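Reproduced below: structure.txt, with compact mmCIF, C-alpha atoms.
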```txt
# COMPACT_ATOMS: atom_id res chain seq x y z
CA MET A 6 94.14 49.05 -7.36
CA LYS A 7 90.41 49.55 -7.55
CA VAL A 8 89.20 50.42 -11.03
CA MET A 9 86.47 53.07 -11.07
CA THR A 10 84.17 53.24 -14.08
CA LYS A 11 82.35 56.43 -15.01
CA LEU A 12 79.31 55.48 -17.09
CA MET A 13 77.89 58.44 -18.94
CA PHE A 14 75.76 55.89 -20.76
CA SER A 15 73.68 58.12 -22.98
CA ALA A 16 70.54 57.29 -24.91
CA LEU A 17 72.73 56.76 -27.96
CA CYS A 18 74.94 54.30 -26.08
CA ALA A 19 71.86 52.44 -24.93
CA VAL A 20 70.50 52.18 -28.46
CA ALA A 21 73.90 51.16 -29.79
CA VAL A 22 74.29 48.48 -27.14
CA MET A 23 70.80 47.12 -27.75
CA THR A 24 71.24 46.88 -31.51
CA SER A 25 74.95 46.18 -31.83
CA ALA A 26 76.12 43.03 -33.58
CA SER A 27 72.66 42.59 -35.10
CA ALA A 28 74.17 42.26 -38.56
CA GLN A 29 76.10 39.03 -38.53
CA ASP A 30 78.28 39.85 -41.49
CA LYS A 31 81.64 41.32 -42.32
CA SER A 32 80.26 44.88 -42.15
CA VAL A 33 79.10 44.84 -38.52
CA MET A 34 81.65 47.59 -37.80
CA LEU A 35 80.14 49.74 -40.52
CA SER A 36 76.57 48.97 -39.43
CA ASN A 37 77.40 50.04 -35.89
CA GLY A 38 79.40 53.05 -37.05
CA ILE A 39 76.63 54.50 -39.19
CA LYS A 40 74.46 54.90 -36.08
CA TYR A 41 76.84 57.62 -34.90
CA VAL A 42 76.42 59.89 -37.95
CA ASP A 43 75.70 63.47 -36.81
CA VAL A 44 76.89 62.84 -33.23
CA PRO A 45 78.86 65.97 -32.20
CA TYR A 46 82.64 66.02 -32.39
CA VAL A 47 84.09 67.03 -29.02
CA ALA A 48 87.77 66.73 -28.14
CA HIS A 49 89.23 65.68 -24.77
CA THR A 50 86.15 63.86 -23.45
CA LEU A 51 88.43 61.36 -21.69
CA GLU A 52 90.36 64.02 -19.76
CA ALA A 53 89.06 64.38 -16.21
CA ASP A 54 90.31 65.43 -12.81
CA GLY A 55 91.28 62.69 -10.41
CA PRO A 56 92.46 59.13 -11.01
CA GLU A 57 92.30 57.56 -14.45
CA GLU A 58 89.01 55.74 -15.00
CA LEU A 59 86.98 54.27 -17.82
CA ILE A 60 84.77 56.97 -19.36
CA ILE A 61 81.94 56.11 -21.73
CA ASN A 62 80.27 59.05 -23.47
CA CYS A 63 78.63 58.23 -26.78
CA ASP A 64 76.96 61.65 -26.96
CA GLU A 65 80.27 63.34 -27.81
CA VAL A 66 83.12 61.67 -29.70
CA ASP A 67 86.42 62.40 -31.33
CA CYS A 68 87.99 60.32 -34.08
CA THR A 69 89.53 57.82 -31.66
CA THR A 70 86.65 57.40 -29.22
CA LEU A 71 84.22 56.92 -32.12
CA VAL A 72 86.25 53.97 -33.40
CA GLU A 73 86.67 52.61 -29.87
CA TYR A 74 82.94 52.64 -29.16
CA VAL A 75 82.10 51.04 -32.51
CA LEU A 76 84.76 48.37 -32.05
CA ALA A 77 83.62 47.61 -28.48
CA GLU A 78 80.02 47.24 -29.66
CA SER A 79 81.03 45.03 -32.55
CA LEU A 80 83.11 42.73 -30.33
CA THR A 81 80.37 42.24 -27.74
CA PRO A 82 78.21 39.12 -28.30
CA LYS A 83 74.45 39.26 -28.16
CA LEU A 84 72.49 37.92 -25.23
CA ASP A 85 69.56 35.54 -25.69
CA ASN A 86 67.16 38.47 -25.98
CA GLY A 87 69.19 40.02 -28.80
CA ASP A 88 70.71 42.82 -26.73
CA ILE A 89 74.24 43.06 -25.36
CA SER A 90 75.09 43.92 -21.78
CA GLU A 91 76.44 47.29 -20.74
CA SER A 92 79.05 45.61 -18.54
CA ALA A 93 80.33 43.45 -21.42
CA PHE A 94 80.51 46.54 -23.63
CA ALA A 95 82.49 48.36 -20.94
CA ASP A 96 84.84 45.39 -20.49
CA ASN A 97 85.60 45.32 -24.20
CA LEU A 98 86.11 49.07 -24.28
CA GLN A 99 88.64 48.80 -21.46
CA LYS A 100 90.55 46.09 -23.37
CA ILE A 101 90.66 48.36 -26.41
CA ARG A 102 91.60 51.60 -24.66
CA TYR A 103 94.12 50.42 -22.06
CA ARG A 104 97.34 48.45 -22.33
CA ASN A 105 96.41 44.79 -21.85
CA GLY A 106 93.06 45.96 -20.47
CA LYS A 107 94.54 47.25 -17.19
CA ILE A 108 93.85 50.74 -15.90
CA ASP A 109 96.92 51.96 -14.04
CA GLY A 110 97.10 55.70 -14.35
CA TYR A 111 97.11 58.09 -17.28
CA THR A 112 99.95 56.41 -19.16
CA SER A 113 98.20 53.03 -19.18
CA ARG A 114 95.79 54.52 -21.71
CA LEU A 115 96.92 53.84 -25.28
CA HIS A 116 97.51 57.40 -26.46
CA TYR A 117 99.59 56.55 -29.54
CA ILE A 118 97.77 54.62 -32.26
CA ALA A 119 100.83 52.45 -32.89
CA ASP A 120 100.55 51.34 -29.26
CA TRP A 121 96.76 50.96 -29.66
CA ILE A 122 97.24 48.76 -32.74
CA ASN A 123 99.94 46.65 -31.08
CA ASN A 124 97.64 46.07 -28.11
CA GLY A 125 94.75 45.00 -30.33
CA VAL A 126 96.86 42.62 -32.39
CA ARG A 127 98.60 41.19 -29.31
CA ASN A 128 95.28 40.55 -27.57
CA GLY A 129 93.65 39.00 -30.61
CA PHE A 130 90.86 41.43 -31.51
CA LEU A 131 92.61 43.33 -34.33
CA GLU A 132 94.36 42.24 -37.50
CA ASP A 133 96.90 44.47 -39.25
CA VAL A 134 95.64 44.07 -42.81
CA THR A 135 98.26 46.42 -44.27
CA ALA A 136 101.11 44.15 -43.24
CA ALA A 137 99.92 41.45 -45.65
CA ASN A 138 99.04 43.76 -48.53
CA SER A 139 101.55 46.61 -48.73
CA ALA A 140 105.31 46.26 -49.01
CA ASP A 141 105.90 49.89 -48.00
CA THR A 142 107.19 50.41 -44.47
CA GLU A 143 108.20 53.22 -42.18
CA LYS A 144 110.24 53.28 -38.98
CA LEU A 145 108.44 54.88 -36.06
CA SER A 146 109.94 57.87 -34.28
CA ILE A 147 107.63 58.72 -31.39
CA SER A 148 108.12 61.69 -29.04
CA TYR A 149 105.28 64.17 -29.45
CA MET A 150 103.54 63.91 -26.08
CA SER A 151 106.63 64.11 -23.90
CA THR A 152 107.99 67.03 -25.93
CA HIS A 153 104.66 68.91 -25.83
CA PRO A 154 103.49 68.22 -22.26
CA GLN A 155 101.71 71.57 -22.02
CA GLN A 156 99.11 70.27 -24.50
CA TYR A 157 98.04 67.45 -22.15
CA LYS A 158 96.30 68.07 -18.85
CA GLN A 159 97.81 65.04 -17.12
CA LEU A 160 101.34 65.77 -18.36
CA ALA A 161 101.55 69.52 -17.87
CA ASN A 162 102.07 69.30 -14.11
CA SER A 163 103.45 65.78 -13.73
CA LYS A 164 107.12 65.06 -14.33
CA GLU A 165 106.38 61.46 -13.35
CA ASN A 166 103.84 61.03 -16.15
CA VAL A 167 106.17 62.70 -18.65
CA ALA A 168 108.94 60.30 -17.68
CA LYS A 169 106.60 57.31 -18.06
CA MET A 170 105.46 58.60 -21.43
CA GLN A 171 109.06 58.93 -22.56
CA GLU A 172 109.62 55.24 -21.76
CA ILE A 173 106.53 54.28 -23.78
CA GLU A 174 107.70 56.44 -26.69
CA LYS A 175 111.15 54.84 -26.51
CA SER A 176 109.61 51.35 -26.68
CA LEU A 177 107.61 52.30 -29.81
CA SER A 178 110.38 54.19 -31.60
CA GLY A 179 112.40 52.07 -34.00
CA GLN A 180 109.54 49.69 -34.74
CA THR A 181 108.97 49.13 -38.46
CA VAL A 182 105.34 49.11 -39.59
CA HIS A 183 103.65 48.59 -42.96
CA TYR A 184 101.56 51.38 -44.43
CA LEU A 185 100.07 52.34 -47.79
CA PRO A 186 101.45 55.66 -49.13
CA LYS A 187 98.71 58.03 -50.22
CA ALA A 188 100.01 58.16 -53.80
CA LYS A 189 99.25 54.44 -54.12
CA LEU A 190 95.61 54.56 -52.96
CA PRO A 191 93.14 54.79 -55.85
CA VAL A 192 89.73 56.45 -55.61
CA THR A 193 88.13 53.01 -55.73
CA GLY A 194 90.27 51.60 -52.93
CA PHE A 195 91.46 47.98 -53.07
CA PRO A 196 89.66 44.63 -52.76
CA TRP A 197 91.66 43.97 -49.60
CA ILE A 198 90.22 47.07 -47.91
CA LYS A 199 86.72 46.12 -46.76
CA ASP A 200 83.69 48.05 -45.54
CA GLY A 201 84.08 48.45 -41.78
CA ASP A 202 87.88 48.27 -41.71
CA ILE A 203 89.57 50.77 -39.41
CA ILE A 204 91.61 53.36 -41.29
CA ALA A 205 94.52 54.97 -39.43
CA ILE A 206 95.94 57.98 -41.28
CA THR A 207 99.70 58.30 -40.95
CA THR A 208 101.41 61.67 -40.64
CA ASN A 209 104.70 63.47 -41.20
CA THR A 210 104.19 65.56 -38.04
CA PRO A 211 107.42 65.11 -36.06
CA GLY A 212 107.02 62.73 -33.14
CA LEU A 213 103.63 61.35 -34.23
CA ASP A 214 102.69 58.19 -36.14
CA VAL A 215 98.96 58.57 -36.79
CA THR A 216 96.85 61.72 -36.70
CA HIS A 217 93.32 60.53 -37.56
CA LEU A 218 91.07 57.45 -37.39
CA GLY A 219 87.95 56.44 -39.25
CA ILE A 220 86.01 53.52 -40.73
CA ALA A 221 86.15 52.44 -44.38
CA PHE A 222 82.89 52.88 -46.33
CA TYR A 223 82.48 52.28 -50.07
CA VAL A 224 79.92 54.70 -51.55
CA ASN A 225 79.09 54.53 -55.27
CA GLY A 226 82.30 52.66 -55.93
CA LYS A 227 84.52 55.14 -54.06
CA LEU A 228 86.36 54.39 -50.84
CA THR A 229 85.22 57.05 -48.36
CA LEU A 230 85.67 57.56 -44.64
CA LEU A 231 83.11 57.45 -41.83
CA HIS A 232 84.76 59.57 -39.16
CA ALA A 233 84.40 62.19 -36.45
CA SER A 234 85.39 65.38 -38.24
CA SER A 235 87.00 68.17 -36.24
CA THR A 236 86.23 70.66 -39.04
CA GLN A 237 82.56 69.70 -39.49
CA LYS A 238 82.18 69.19 -35.72
CA LYS A 239 80.27 65.92 -36.05
CA VAL A 240 80.45 62.34 -37.31
CA VAL A 241 80.13 62.29 -41.09
CA VAL A 242 80.68 60.18 -44.16
CA SER A 243 83.21 62.04 -46.29
CA LYS A 244 81.76 63.52 -49.50
CA VAL A 245 85.03 62.99 -51.33
CA ALA A 246 87.04 59.81 -51.69
CA LEU A 247 89.57 58.94 -49.02
CA SER A 248 92.31 59.22 -51.64
CA GLN A 249 91.33 62.85 -52.27
CA MET A 250 91.19 63.58 -48.53
CA LEU A 251 94.76 62.35 -48.24
CA GLN A 252 95.95 64.39 -51.22
CA ASP A 253 94.33 67.54 -49.81
CA ASN A 254 96.26 67.35 -46.52
CA SER A 255 100.00 67.86 -46.76
CA LYS A 256 100.57 66.38 -43.30
CA TRP A 257 98.84 63.08 -44.15
CA THR A 258 101.19 60.52 -45.70
CA GLY A 259 99.12 57.36 -46.11
CA ILE A 260 97.06 54.79 -44.22
CA ARG A 261 97.27 51.72 -42.06
CA VAL A 262 94.30 49.34 -42.31
CA LEU A 263 93.09 47.28 -39.33
CA ARG A 264 90.29 44.73 -39.15
CA MET A 265 88.27 43.51 -36.21
CA LYS A 266 88.79 39.86 -35.24
CA LYS A 267 86.04 38.15 -33.26
```
Let me see whether you can do it: turn the structure in this file into structure tokens.
Amino acid sequence: MKVMTKLMFSALCAVAVMTSASAQDKSVMLSNGIKYVDVPYVAHTLEADGPEELIINCDEVDCTTLVEYVLAESLTPKLDNGDISESAFADNLQKIRYRNGKIDGYTSRLHYIADWINNGVRNGFLEDVTAANSADTEKLSISYMSTHPQQYKQLANSKENVAKMQEIEKSLSGQTVHYLPKAKLPVTGFPWIKDGDIIAITTNTPGLDVTHLGIAFYVNGKLTLLHASSTQKKVVVSKVALSQMLQDNSKWTGIRVLRMKK
């Protein structure tokens, strides 16, 4: 199958690609993420008519695509001139966004964050930090997309895609994962949560595992979140601590913490 790539490689993408990985330290994810502050929040930028293809649009992000672009930039090595190549960036993005890096229709995209995390850990570019630092676990029960197909353009009129999604959900359901309950997260975070770590916010919404993504950022001693906010309609650094954000949302139950591995 021929893989088509749609490159909406904006000025922001170009700047990000040219400057990414310039900080050779543990906070390269945060350094790259900060460049996206004030970029508009726009949902469904990956949904298009026609065959599934790799879409890159750094001018408009949601919480997941923001983290994907930052992670892809951070994983891409610099060239001799200090830049990184657009093709290498796109290759890394495809490995992050699609199961084992292969584009094979709508359901090959990693829609559930549990699947997204598993893919990253399996392919060696993510580490599940929570697993080593929190004894609390939950058993996944995944079904949301197949039971709400009308909410997804590529499921609404495709029984075949719904059936494929049900198989993916079945493979994820029953897995036990480590997470940190929100009641156990202090305002100051923990030493094992580092600047630039990926924060996946778990949820009690039936059929879902994670409802929001962001990047850890310590500000004045408080653990905050760099994220694409659907309420503020842009990428922001939260003004309140992550612990308070969790307490303020009854549907948010805690966090999973992931770290980039070079």
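When all atoms listed in the file are used to measure the gap to Thr236 in chain A, the shortest distance among A:Tyr111, A:Tyr103, A:Phe130, A:Tyr46 belongs to A:Tyr46.
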Kindly provide the residues of range 119-166 of chain A that approach range 206-226 of chain A to within 10 Å, each paired with its closest atom pair and their distance in Å to one decimal, based on all atoms listed in the file, listed by chain and increasing number, as CSV.
```
residue,atom,partner,partner_atom,distance
A:Ala119,CA,A:Asp214,CA,6.9
A:Asp120,CA,A:Asp214,CA,9.9
A:Glu143,CA,A:Asp214,CA,9.6
A:Lys144,CA,A:Asp214,CA,9.4
A:Leu145,CA,A:Asp214,CA,6.6
A:Ser146,CA,A:Gly212,CA,5.8
A:Ile147,CA,A:Gly212,CA,4.4
A:Ser148,CA,A:Gly212,CA,4.4
A:Tyr149,CA,A:Gly212,CA,4.3
A:Met150,CA,A:Gly212,CA,8.0
A:Ser151,CA,A:Gly212,CA,9.4
A:Thr152,CA,A:Gly212,CA,8.5
A:His153,CA,A:Gly212,CA,9.9
```
Worksheet entry | d(CA of Leu263 in chain A, CA of Thr229 in chain A) in Å | 15.5 Å
Item to complete: Could you please determine the separation between CA of Ser139 in chain A and CA of Ile39 in chain A in Å, to one decimal place?
Response: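 CA of Ile39 in chain A lies at a distance of 27.8 Å from CA of Ser139 in chain A.
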Worksheet entry | Among listed residues A:Lys239, A:His116, A:Lys175, A:Arg261, nearest Tyr41 in chain A (using all atoms listed in the file) | A:Lys239
Item to complete: Between A:Val192, A:Ile118, A:Ile260, A:Ala205, single out the one closest to Val245 in chain A, counting all atoms listed in the file.
Response: A:Val192
Worksheet item: When distances are computed from all atoms listed in the file, which of A:Ile122, A:Ala93, A:Ile101, A:Ala188 shows the smallest separation from Trp257 in chain A?
Response: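 Of the candidates, the smallest distance to Trp257 in chain A is held by A:Ala188.
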Discussion item. For a test of reading the model, state the distance in Å between CA of Lys187 in chain A and CA of Met250 in chain A, rounded to one decimal.
Written reply: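 Atom-to-atom, CA of Lys187 in chain A to CA of Met250 in chain A, that is 9.5 Å.
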Fill in: Selection: 10 Å around Phe195 in chain A, all atoms listed in the file, excl. self and same-chain fewer than 5 positions, as a PyMOL selection string
chain A and resi 138+190+228
Quick one: write out the picked residues with C-alpha atoms as a PDB file, keeping the file's coordinate frame?
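Done, and the output landed in selection00.pdb:
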```pdb
ATOM      1  CA  ASN A 138      99.040  43.760 -48.530  1.00  0.00           C
ATOM      2  CA  LEU A 190      95.610  54.560 -52.960  1.00  0.00           C
ATOM      3  CA  LEU A 228      86.360  54.390 -50.840  1.00  0.00           C
TER       4      LEU A 228
END
```
Worksheet item: Between A:Gly55, A:Gly201, A:Gly129, A:Gly259, which is the closest to Val75 in chain A once you count only C-alpha atoms?
Response: A:Gly201
Would it be fine to have range 126-157 of chain A, with N, CA and C atoms, given as a PDB file, in the first residue's frame?
```
ATOM      1  N   VAL A 126       6.222   2.445  24.100  1.00  0.00           N
ATOM      2  CA  VAL A 126       7.072   1.607  24.951  1.00  0.00           C
ATOM      3  C   VAL A 126       7.611   0.425  24.161  1.00  0.00           C
ATOM      4  N   ARG A 127       6.738  -0.216  23.376  1.00  0.00           N
ATOM      5  CA  ARG A 127       7.139  -1.391  22.590  1.00  0.00           C
ATOM      6  C   ARG A 127       8.224  -1.045  21.579  1.00  0.00           C
ATOM      7  N   ASN A 128       8.148   0.142  20.999  1.00  0.00           N
ATOM      8  CA  ASN A 128       9.100   0.544  19.969  1.00  0.00           C
ATOM      9  C   ASN A 128      10.268   1.375  20.503  1.00  0.00           C
ATOM     10  N   GLY A 129      10.351   1.489  21.822  1.00  0.00           N
ATOM     11  CA  GLY A 129      11.568   1.987  22.448  1.00  0.00           C
ATOM     12  C   GLY A 129      11.754   3.480  22.539  1.00  0.00           C
ATOM     13  N   PHE A 130      10.697   4.290  22.258  1.00  0.00           N
ATOM     14  CA  PHE A 130      10.892   5.729  22.368  1.00  0.00           C
ATOM     15  C   PHE A 130      10.118   6.353  23.525  1.00  0.00           C
ATOM     16  N   LEU A 131       9.384   5.543  24.293  1.00  0.00           N
ATOM     17  CA  LEU A 131       8.715   6.011  25.500  1.00  0.00           C
ATOM     18  C   LEU A 131       9.014   5.082  26.667  1.00  0.00           C
ATOM     19  N   GLU A 132       9.054   5.667  27.844  1.00  0.00           N
ATOM     20  CA  GLU A 132       9.176   4.916  29.091  1.00  0.00           C
ATOM     21  C   GLU A 132       7.970   5.237  29.960  1.00  0.00           C
ATOM     22  N   ASP A 133       7.332   4.207  30.511  1.00  0.00           N
ATOM     23  CA  ASP A 133       6.205   4.404  31.423  1.00  0.00           C
ATOM     24  C   ASP A 133       6.768   4.633  32.819  1.00  0.00           C
ATOM     25  N   VAL A 134       6.930   5.901  33.185  1.00  0.00           N
ATOM     26  CA  VAL A 134       7.551   6.247  34.463  1.00  0.00           C
ATOM     27  C   VAL A 134       6.653   5.870  35.633  1.00  0.00           C
ATOM     28  N   THR A 135       5.354   5.944  35.441  1.00  0.00           N
ATOM     29  CA  THR A 135       4.414   5.651  36.528  1.00  0.00           C
ATOM     30  C   THR A 135       4.559   4.223  37.024  1.00  0.00           C
ATOM     31  N   ALA A 136       4.834   3.312  36.131  1.00  0.00           N
ATOM     32  CA  ALA A 136       4.907   1.898  36.496  1.00  0.00           C
ATOM     33  C   ALA A 136       5.948   1.636  37.577  1.00  0.00           C
ATOM     34  N   ALA A 137       7.022   2.421  37.581  1.00  0.00           N
ATOM     35  CA  ALA A 137       8.101   2.221  38.554  1.00  0.00           C
ATOM     36  C   ALA A 137       7.920   3.048  39.815  1.00  0.00           C
ATOM     37  N   ASN A 138       6.921   3.942  39.830  1.00  0.00           N
ATOM     38  CA  ASN A 138       6.829   4.890  40.941  1.00  0.00           C
ATOM     39  C   ASN A 138       5.472   4.957  41.631  1.00  0.00           C
ATOM     40  N   SER A 139       4.479   4.282  41.112  1.00  0.00           N
ATOM     41  CA  SER A 139       3.165   4.272  41.758  1.00  0.00           C
ATOM     42  C   SER A 139       2.631   2.850  41.808  1.00  0.00           C
ATOM     43  N   ALA A 140       2.232   2.437  42.987  1.00  0.00           N
ATOM     44  CA  ALA A 140       1.698   1.078  43.160  1.00  0.00           C
ATOM     45  C   ALA A 140       0.239   0.980  42.751  1.00  0.00           C
ATOM     46  N   ASP A 141      -0.428   2.105  42.564  1.00  0.00           N
ATOM     47  CA  ASP A 141      -1.856   2.097  42.217  1.00  0.00           C
ATOM     48  C   ASP A 141      -2.052   1.660  40.770  1.00  0.00           C
ATOM     49  N   THR A 142      -3.044   0.813  40.558  1.00  0.00           N
ATOM     50  CA  THR A 142      -3.321   0.296  39.219  1.00  0.00           C
ATOM     51  C   THR A 142      -4.814   0.394  38.915  1.00  0.00           C
ATOM     52  N   GLU A 143      -5.117   0.306  37.643  1.00  0.00           N
ATOM     53  CA  GLU A 143      -6.501   0.196  37.213  1.00  0.00           C
ATOM     54  C   GLU A 143      -6.570  -0.756  36.026  1.00  0.00           C
ATOM     55  N   LYS A 144      -7.687  -1.434  35.888  1.00  0.00           N
ATOM     56  CA  LYS A 144      -7.888  -2.352  34.771  1.00  0.00           C
ATOM     57  C   LYS A 144      -8.664  -1.616  33.688  1.00  0.00           C
ATOM     58  N   LEU A 145      -8.127  -1.638  32.475  1.00  0.00           N
ATOM     59  CA  LEU A 145      -8.746  -0.903  31.380  1.00  0.00           C
ATOM     60  C   LEU A 145     -10.036  -1.564  30.918  1.00  0.00           C
ATOM     61  N   SER A 146     -11.008  -0.722  30.604  1.00  0.00           N
ATOM     62  CA  SER A 146     -12.260  -1.169  29.997  1.00  0.00           C
ATOM     63  C   SER A 146     -12.571  -0.181  28.875  1.00  0.00           C
ATOM     64  N   ILE A 147     -12.211  -0.562  27.656  1.00  0.00           N
ATOM     65  CA  ILE A 147     -12.217   0.350  26.520  1.00  0.00           C
ATOM     66  C   ILE A 147     -13.355   0.000  25.555  1.00  0.00           C
ATOM     67  N   SER A 148     -14.182   0.999  25.218  1.00  0.00           N
ATOM     68  CA  SER A 148     -15.298   0.738  24.296  1.00  0.00           C
ATOM     69  C   SER A 148     -15.872   2.008  23.679  1.00  0.00           C
ATOM     70  N   TYR A 149     -15.354   3.160  24.035  1.00  0.00           N
ATOM     71  CA  TYR A 149     -16.045   4.413  23.733  1.00  0.00           C
ATOM     72  C   TYR A 149     -16.261   4.640  22.240  1.00  0.00           C
ATOM     73  N   MET A 150     -15.237   4.442  21.432  1.00  0.00           N
ATOM     74  CA  MET A 150     -15.358   4.783  20.014  1.00  0.00           C
ATOM     75  C   MET A 150     -16.363   3.901  19.289  1.00  0.00           C
ATOM     76  N   SER A 151     -16.338   2.612  19.555  1.00  0.00           N
ATOM     77  CA  SER A 151     -17.261   1.720  18.850  1.00  0.00           C
ATOM     78  C   SER A 151     -18.699   1.890  19.334  1.00  0.00           C
ATOM     79  N   THR A 152     -18.876   2.390  20.550  1.00  0.00           N
ATOM     80  CA  THR A 152     -20.227   2.596  21.070  1.00  0.00           C
ATOM     81  C   THR A 152     -20.737   4.015  20.814  1.00  0.00           C
ATOM     82  N   HIS A 153     -19.862   4.884  20.280  1.00  0.00           N
ATOM     83  CA  HIS A 153     -20.273   6.240  19.900  1.00  0.00           C
ATOM     84  C   HIS A 153     -19.779   6.549  18.484  1.00  0.00           C
ATOM     85  N   PRO A 154     -20.074   5.687  17.514  1.00  0.00           N
ATOM     86  CA  PRO A 154     -19.505   5.868  16.177  1.00  0.00           C
ATOM     87  C   PRO A 154     -19.934   7.162  15.505  1.00  0.00           C
ATOM     88  N   GLN A 155     -21.099   7.690  15.887  1.00  0.00           N
ATOM     89  CA  GLN A 155     -21.593   8.911  15.267  1.00  0.00           C
ATOM     90  C   GLN A 155     -20.699  10.113  15.564  1.00  0.00           C
ATOM     91  N   GLN A 156     -19.838  10.006  16.558  1.00  0.00           N
ATOM     92  CA  GLN A 156     -18.942  11.112  16.914  1.00  0.00           C
ATOM     93  C   GLN A 156     -17.668  11.128  16.068  1.00  0.00           C
ATOM     94  N   TYR A 157     -17.480  10.092  15.240  1.00  0.00           N
ATOM     95  CA  TYR A 157     -16.236   9.957  14.476  1.00  0.00           C
ATOM     96  C   TYR A 157     -16.552   9.797  13.000  1.00  0.00           C
TER      97      TYR A 157
END
```
